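What follows is a short report on a single structure.
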Amino acid sequence: MRTLVRLLGVSCLLSASLGAQSADPRLDSLKTEVTRAIDARAKLAQQMVDQVFSFGELGMQETETSKYLTGILERNGFTVERGVAGMPTAWVARWGSGSPVIALGSDIDGIPQANQTPGMASRAGLVSGAPGHGEGHNSGVPLNILAALAVKNVMVREKIRGTLVLWPGVAEEQVAGKAFLVRAGIFKDVDANLFAHVSYEFGISWGDEPALALISAIFRFKGQSAHAAAAPWRGQSALDAVMQMANAWEFHREHMELSQRSHYVITDGGDQPNVVPSTAAIWFFFRERDPERVTKMLADAKQIARAAATATFTTLDTVQIIGSAWRPHFNKPIAEAMHANAMRVGMPAWDEKDQAMARGVQRMLSWPDSGLQTKVPPLRSPEEAAKASSGTGSDDIGDVTWTVPSVTLYYPANIPGTPGHNWADAIAMATPIAHKGVIAGAKVQALTVLDLLLKPTLVSDAKRYFTDVQTKTVKYQPLMAPSDQPATWLNAERMAKYRGEMRKYYYDPARYESYLQQLGITYPAIPAVMP
Ligand SMILES: [Zn+2]
């Protein structure tokens, strides 16, 4: 959901690098060992990233993805609980015992119509119109698995107490999963949560994230069908109600605060023109700075919906909450530890092919062809993060961050300048750019887990920040009602339409070294003449 637009120059790296070396020699040597162990799993990184990329599944329909990822975890000794929080594709994988309990999460869903041949700087869908990983959500859980497996081995040998909990962000693109995971108590015994999200750089910040709270809701109207030419006076058009609601919302927009973002699509506009639509539906995303304001937006929309029904002699049938998100707030002590680890790990070693791929994509997008990032930016305070981001996106990790001390690790596995939620964002996501970025991100994640396991003060400092600073005056309240349930039907029809064709392109690691090889792509494939 979030595409960070971070345009700040990179500067003043020195102060942060002082924290990169651990004072504890044992911890320091374990960090070196875990870093090497993750490098040694480069093949697994490539396989997982490519495999999930090839599934390209949309929210709530991530069946192949979840089956594949939980299979790897089970083979490595994790206990997996499936179908958690009423979502068939959600799961929790646990290993270890006792505290601290450290959760590692990342999203797994794709984007409609983003199906794209990787490694190719031109529009080339494998299956026309099909979904794909035009957000890069194929890379985050593989990153967490790499980190967890490396740390687990050290924990066994060194007899380090602690529990690792891996979990997926289901249907993040509809912000339809995480609040339900919170409500189901997935995080109730968790001491710290490290989330991972793809970016083009290491982005680590603390405090209020520049983002908006969000409520996603579908308004369904009911009318009466009739022959649209022979007897229109006997019909009541539910589509009229939808259009009245959208129109009234546009007038209302003039009187809303500038911080709001709201947008909608008509998901049911009737069947065909000569039948007066007896049902119609409009799906809104409402975004505002805080939960109170976004709740007010929903209340306003309900009033407008009732008025639209009255004006069209139809009825407002249901208002279904599809998802919701608080604005994220990241934990300062954990963010500081994570940033020191990012300084220690450094950026991936991009080669000329990676840079050529990036510049090719940037030129295709008429974006400055600066190539891939090569420096780790400084840790961002809330003020610096606000300067670096438009702050108008949303992410349902927000609800988790208000439940347990959390930080999101943005890791460099994609190309700067892509538009987000777009096929162009999929180009790099099954190439060495993504593979290297995931390995670098996994190291940062793993080293931060080691910090949490071996520096008890970090866990207590994180808790203190959470209780004494973050939640001192603000208490988490879900934006959905207790009766709201996960929209598990989301994307089912669309996925059913394309899955058969997409299956032909699933990655076969037994036969091919990489997905690029399977598809016959010479990396990087950049047209001589840009369209
Ligand atoms: Zn995302």
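All residue names refer to the structure tokens as shown: chains lettered A, B, ... in order, residues numbered from 1 in each chain, ligands numbered from 1 in order.
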request  = Based on DSSP run over this structure's backbone, return all residues of range 215-423 of chain A in strand (DSSP E or B), as a VMD selection string.
outcome  = chain A and resid 215 to 222 224 227 236 261 to 268 275 279 to 288 315 to 325 329 to 330 380 406 to 412
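Those residues of range 361-418 of chain A that DSSP, working from the backbone, places in alpha helix (DSSP H) are Val361, Gln362, Arg363, Met364, Pro382, Glu383, Glu384, Ala385, Ala386, Lys387, Ala388, Ile397, Gly398, Asp399, Val400 and Thr401 of chain A.
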Selected residues written out, C-alpha atoms, as an mmCIF file, in the first residue's frame:
data_model
loop_
_atom_site.group_PDB
_atom_site.id
_atom_site.type_symbol
_atom_site.label_atom_id
_atom_site.label_comp_id
_atom_site.auth_asym_id
_atom_site.auth_seq_id
_atom_site.Cartn_x
_atom_site.Cartn_y
_atom_site.Cartn_z
ATOM 1 C CA VAL A 361 13.574 1.349 -16.135
ATOM 2 C CA GLN A 362 14.077 4.956 -15.006
ATOM 3 C CA ARG A 363 14.477 6.158 -18.610
ATOM 4 C CA MET A 364 11.392 4.184 -19.611
ATOM 5 C CA PRO A 382 9.387 11.886 12.766
ATOM 6 C CA GLU A 383 10.224 15.373 11.414
ATOM 7 C CA GLU A 384 12.802 14.028 8.962
ATOM 8 C CA ALA A 385 10.504 11.204 7.899
ATOM 9 C CA ALA A 386 7.734 13.752 7.236
ATOM 10 C CA LYS A 387 10.049 15.796 5.028
ATOM 11 C CA ALA A 388 11.012 12.684 3.079
ATOM 12 C CA ILE A 397 0.878 -2.341 10.113
ATOM 13 C CA GLY A 398 -0.305 0.731 12.039
ATOM 14 C CA ASP A 399 -2.642 -1.389 14.156
ATOM 15 C CA VAL A 400 0.208 -3.756 15.038
ATOM 16 C CA THR A 401 2.507 -0.861 15.970
#
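Shortest atom-to-atom contact with ligand 1 among A:Ser370, A:Ser394, A:Thr471, A:Ser225: A:Ser394, counting only C-alpha atoms and all ligand atoms.
Comparing the minimum interatomic distances between ligand 1 and each of A:Pro291, A:Pro88, A:Gly134, A:Gly437, counting only C-alpha atoms and all ligand atoms, we find that A:Gly134 sits nearest.
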Report task. For Phe187 in chain A, work out the shell of residues within 7 Å, counting only C-alpha atoms and skipping chain neighbours fewer than 3 positions away, then give it as a PyMOL selection string. Result -> chain A and resi 182+190+404
Interface rows for range 143-256 of chain A against range 479-486 of chain A: nearest pair, Å to one decimal, 10 Å, only C-alpha atoms, as a tab-separated table:
residue	atom	partner	partner_atom	distance
A:Ala171	CA	A:Pro486	CA	9.9
A:Ala176	CA	A:Pro486	CA	6.7
A:Gly177	CA	A:Pro486	CA	7.0
A:Lys178	CA	A:Pro486	CA	9.9
A:Ala179	CA	A:Met480	CA	8.3
A:Phe180	CA	A:Pro486	CA	7.0
A:Leu181	CA	A:Pro486	CA	9.9
A:Arg183	CA	A:Pro482	CA	8.9
A:Ala213	CA	A:Leu479	CA	9.3
A:Leu214	CA	A:Leu479	CA	8.6
A:Ile215	CA	A:Leu479	CA	7.3
A:Ser216	CA	A:Met480	CA	9.8
Emit the selected residues as a compact mmCIF listing (two decimals), in the first residue's frame, including all heavy atoms.
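Below is the file selection_14.txt, written as the result:
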# COMPACT_ATOMS: atom_id res chain seq x y z
N ALA A 171 -3.69 -9.59 2.27
CA ALA A 171 -4.56 -8.54 1.70
C ALA A 171 -4.18 -7.15 2.21
O ALA A 171 -5.04 -6.35 2.55
CB ALA A 171 -6.03 -8.83 1.97
N ALA A 176 -6.87 -5.13 4.71
CA ALA A 176 -7.98 -5.98 5.14
C ALA A 176 -7.57 -7.10 6.08
O ALA A 176 -8.39 -7.95 6.41
CB ALA A 176 -8.68 -6.57 3.91
N GLY A 177 -6.30 -7.12 6.51
CA GLY A 177 -5.85 -8.28 7.27
C GLY A 177 -5.38 -8.02 8.69
O GLY A 177 -5.77 -8.71 9.63
N LYS A 178 -4.54 -6.99 8.86
CA LYS A 178 -3.79 -6.93 10.12
C LYS A 178 -4.63 -6.59 11.33
O LYS A 178 -4.37 -7.09 12.43
CB LYS A 178 -2.62 -5.95 9.98
CG LYS A 178 -1.60 -6.41 8.94
CD LYS A 178 -0.32 -5.61 9.00
CE LYS A 178 0.59 -5.89 7.82
NZ LYS A 178 0.18 -5.20 6.58
N ALA A 179 -5.65 -5.74 11.16
CA ALA A 179 -6.48 -5.42 12.33
C ALA A 179 -7.17 -6.69 12.84
O ALA A 179 -7.40 -6.83 14.04
CB ALA A 179 -7.52 -4.35 11.97
N PHE A 180 -7.48 -7.61 11.93
CA PHE A 180 -8.09 -8.87 12.35
C PHE A 180 -7.06 -9.75 13.06
O PHE A 180 -7.41 -10.47 14.01
CB PHE A 180 -8.70 -9.60 11.15
CG PHE A 180 -9.88 -8.88 10.56
CD1 PHE A 180 -9.78 -8.21 9.35
CD2 PHE A 180 -11.08 -8.83 11.25
CE1 PHE A 180 -10.86 -7.52 8.81
CE2 PHE A 180 -12.18 -8.14 10.73
CZ PHE A 180 -12.07 -7.49 9.51
N LEU A 181 -5.81 -9.71 12.63
CA LEU A 181 -4.76 -10.46 13.33
C LEU A 181 -4.59 -9.92 14.75
O LEU A 181 -4.45 -10.69 15.71
CB LEU A 181 -3.42 -10.36 12.58
CG LEU A 181 -3.33 -11.03 11.21
CD1 LEU A 181 -1.94 -10.79 10.61
CD2 LEU A 181 -3.60 -12.53 11.30
N ARG A 183 -6.89 -8.37 16.50
CA ARG A 183 -8.09 -8.73 17.27
C ARG A 183 -8.06 -10.20 17.70
O ARG A 183 -8.54 -10.54 18.78
CB ARG A 183 -9.34 -8.45 16.44
CG ARG A 183 -10.62 -8.57 17.24
CD ARG A 183 -11.81 -8.09 16.44
NE ARG A 183 -12.24 -9.05 15.44
CZ ARG A 183 -13.25 -8.84 14.60
NH1 ARG A 183 -13.89 -7.69 14.62
NH2 ARG A 183 -13.59 -9.75 13.72
N ALA A 213 -4.42 7.40 8.64
CA ALA A 213 -5.31 6.32 9.08
C ALA A 213 -6.32 6.07 7.96
O ALA A 213 -6.59 6.96 7.15
CB ALA A 213 -6.02 6.71 10.37
N LEU A 214 -6.86 4.88 7.93
CA LEU A 214 -7.71 4.52 6.78
C LEU A 214 -8.88 3.63 7.21
O LEU A 214 -8.72 2.78 8.08
CB LEU A 214 -6.86 3.78 5.74
CG LEU A 214 -7.48 3.40 4.40
CD1 LEU A 214 -6.40 3.27 3.34
CD2 LEU A 214 -8.26 2.10 4.44
N ILE A 215 -10.04 3.88 6.60
CA ILE A 215 -11.15 2.92 6.69
C ILE A 215 -11.59 2.62 5.26
O ILE A 215 -11.76 3.53 4.45
CB ILE A 215 -12.34 3.47 7.51
CG1 ILE A 215 -11.94 3.65 8.97
CG2 ILE A 215 -13.54 2.53 7.41
CD1 ILE A 215 -13.03 4.23 9.86
N SER A 216 -11.72 1.35 4.97
CA SER A 216 -12.15 0.89 3.65
C SER A 216 -13.53 0.28 3.80
O SER A 216 -13.73 -0.58 4.66
CB SER A 216 -11.12 -0.14 3.16
OG SER A 216 -11.67 -1.00 2.20
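Residue neighbourhood of His339 in chain A, excluding near-sequence residues (fewer than 4 positions): Ile204, Ala335, Met343 and Leu379 of chain A, at 7 Å, using only C-alpha atoms.
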Mind checking which residues fall within 12 Å of Ser205 in chain A, counting only C-alpha atoms, ignoring those fewer than 4 positions away in the same chain, and posting them as a compact mmCIF listing (two decimals) with N, CA and C atoms, in the first residue's frame?
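Everything below was put into part-v2.txt:
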# COMPACT_ATOMS: atom_id res chain seq x y z
N GLU A 209 4.71 7.69 11.80
CA GLU A 209 5.05 7.56 10.38
C GLU A 209 4.23 8.61 9.61
N PRO A 210 4.86 9.26 8.60
CA PRO A 210 4.04 10.14 7.76
C PRO A 210 3.08 9.30 6.92
N PRO A 328 0.85 4.29 11.42
CA PRO A 328 1.89 3.58 12.19
C PRO A 328 2.71 4.52 13.10
N HIS A 329 3.18 3.94 14.17
CA HIS A 329 4.13 4.63 15.07
C HIS A 329 5.23 3.62 15.40
N PHE A 330 6.47 3.99 15.08
CA PHE A 330 7.57 3.04 15.25
C PHE A 330 8.36 3.31 16.52
N ASN A 331 8.87 2.22 17.07
CA ASN A 331 9.52 2.23 18.38
C ASN A 331 10.95 2.77 18.28
N LYS A 332 11.25 3.78 19.07
CA LYS A 332 12.54 4.45 18.94
C LYS A 332 13.75 3.56 19.29
N PRO A 333 13.76 2.91 20.47
CA PRO A 333 14.96 2.09 20.77
C PRO A 333 15.21 0.99 19.73
N ILE A 334 14.16 0.35 19.27
CA ILE A 334 14.37 -0.73 18.27
C ILE A 334 14.83 -0.13 16.94
N ALA A 335 14.25 1.02 16.57
CA ALA A 335 14.66 1.66 15.31
C ALA A 335 16.14 2.04 15.36
N GLU A 336 16.60 2.52 16.51
CA GLU A 336 18.02 2.89 16.64
C GLU A 336 18.92 1.66 16.49
N ALA A 337 18.51 0.57 17.13
CA ALA A 337 19.30 -0.67 17.01
C ALA A 337 19.29 -1.17 15.57
N MET A 338 18.12 -1.11 14.95
CA MET A 338 18.01 -1.60 13.57
C MET A 338 18.85 -0.74 12.62
N HIS A 339 18.83 0.57 12.85
CA HIS A 339 19.60 1.43 11.95
C HIS A 339 21.10 1.19 12.10
N ALA A 340 21.54 0.98 13.34
CA ALA A 340 22.97 0.65 13.53
C ALA A 340 23.33 -0.62 12.77
N PRO A 377 20.77 5.75 4.20
CA PRO A 377 20.42 7.07 4.75
C PRO A 377 20.44 7.06 6.28
N PRO A 378 20.51 8.24 6.89
CA PRO A 378 20.49 8.28 8.36
C PRO A 378 19.14 7.84 8.91
N LEU A 379 19.14 7.45 10.19
CA LEU A 379 17.90 7.16 10.91
C LEU A 379 17.04 8.42 10.89
N ARG A 380 15.74 8.24 10.66
CA ARG A 380 14.88 9.42 10.53
C ARG A 380 14.03 9.64 11.77
N SER A 381 14.05 10.85 12.27
CA SER A 381 13.12 11.27 13.31
C SER A 381 11.76 11.48 12.63
N PRO A 382 10.69 11.65 13.40
CA PRO A 382 9.39 11.89 12.77
C PRO A 382 9.42 13.10 11.84
N GLU A 383 10.16 14.15 12.24
CA GLU A 383 10.22 15.37 11.41
C GLU A 383 10.94 15.09 10.10
N GLU A 384 12.05 14.34 10.19
CA GLU A 384 12.80 14.03 8.96
C GLU A 384 12.01 13.08 8.07
N ALA A 385 11.32 12.13 8.68
CA ALA A 385 10.50 11.20 7.90
C ALA A 385 9.40 11.97 7.17
N ALA A 386 8.82 12.97 7.85
CA ALA A 386 7.73 13.75 7.24
C ALA A 386 8.25 14.53 6.04
N ALA A 388 10.58 13.61 4.13
CA ALA A 388 11.01 12.68 3.08
C ALA A 388 9.86 11.92 2.43
N SER A 389 8.64 12.10 2.92
CA SER A 389 7.54 11.31 2.38
C SER A 389 6.32 12.19 2.19
N SER A 406 7.06 -1.94 17.69
CA SER A 406 7.29 -2.38 16.31
C SER A 406 8.14 -1.38 15.54
N VAL A 407 8.84 -1.90 14.55
CA VAL A 407 9.53 -1.06 13.58
C VAL A 407 9.36 -1.70 12.21
N THR A 408 9.20 -0.88 11.18
CA THR A 408 9.23 -1.41 9.81
C THR A 408 10.61 -1.15 9.22
N LEU A 409 11.22 -2.22 8.73
CA LEU A 409 12.47 -2.12 7.99
C LEU A 409 12.13 -1.98 6.50
N TYR A 410 12.35 -0.79 5.93
CA TYR A 410 12.28 -0.66 4.48
C TYR A 410 13.64 -1.06 3.93
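For the choices A:Gly270, A:Gly323, A:Gly207, A:Pro432, the atom-to-atom distance to Gln355 in chain A is smallest for A:Pro432 when using only C-alpha atoms.
Here CA of His252 in chain A is placed at a distance of 15.7 Å from CA of Thr295 in chain A.
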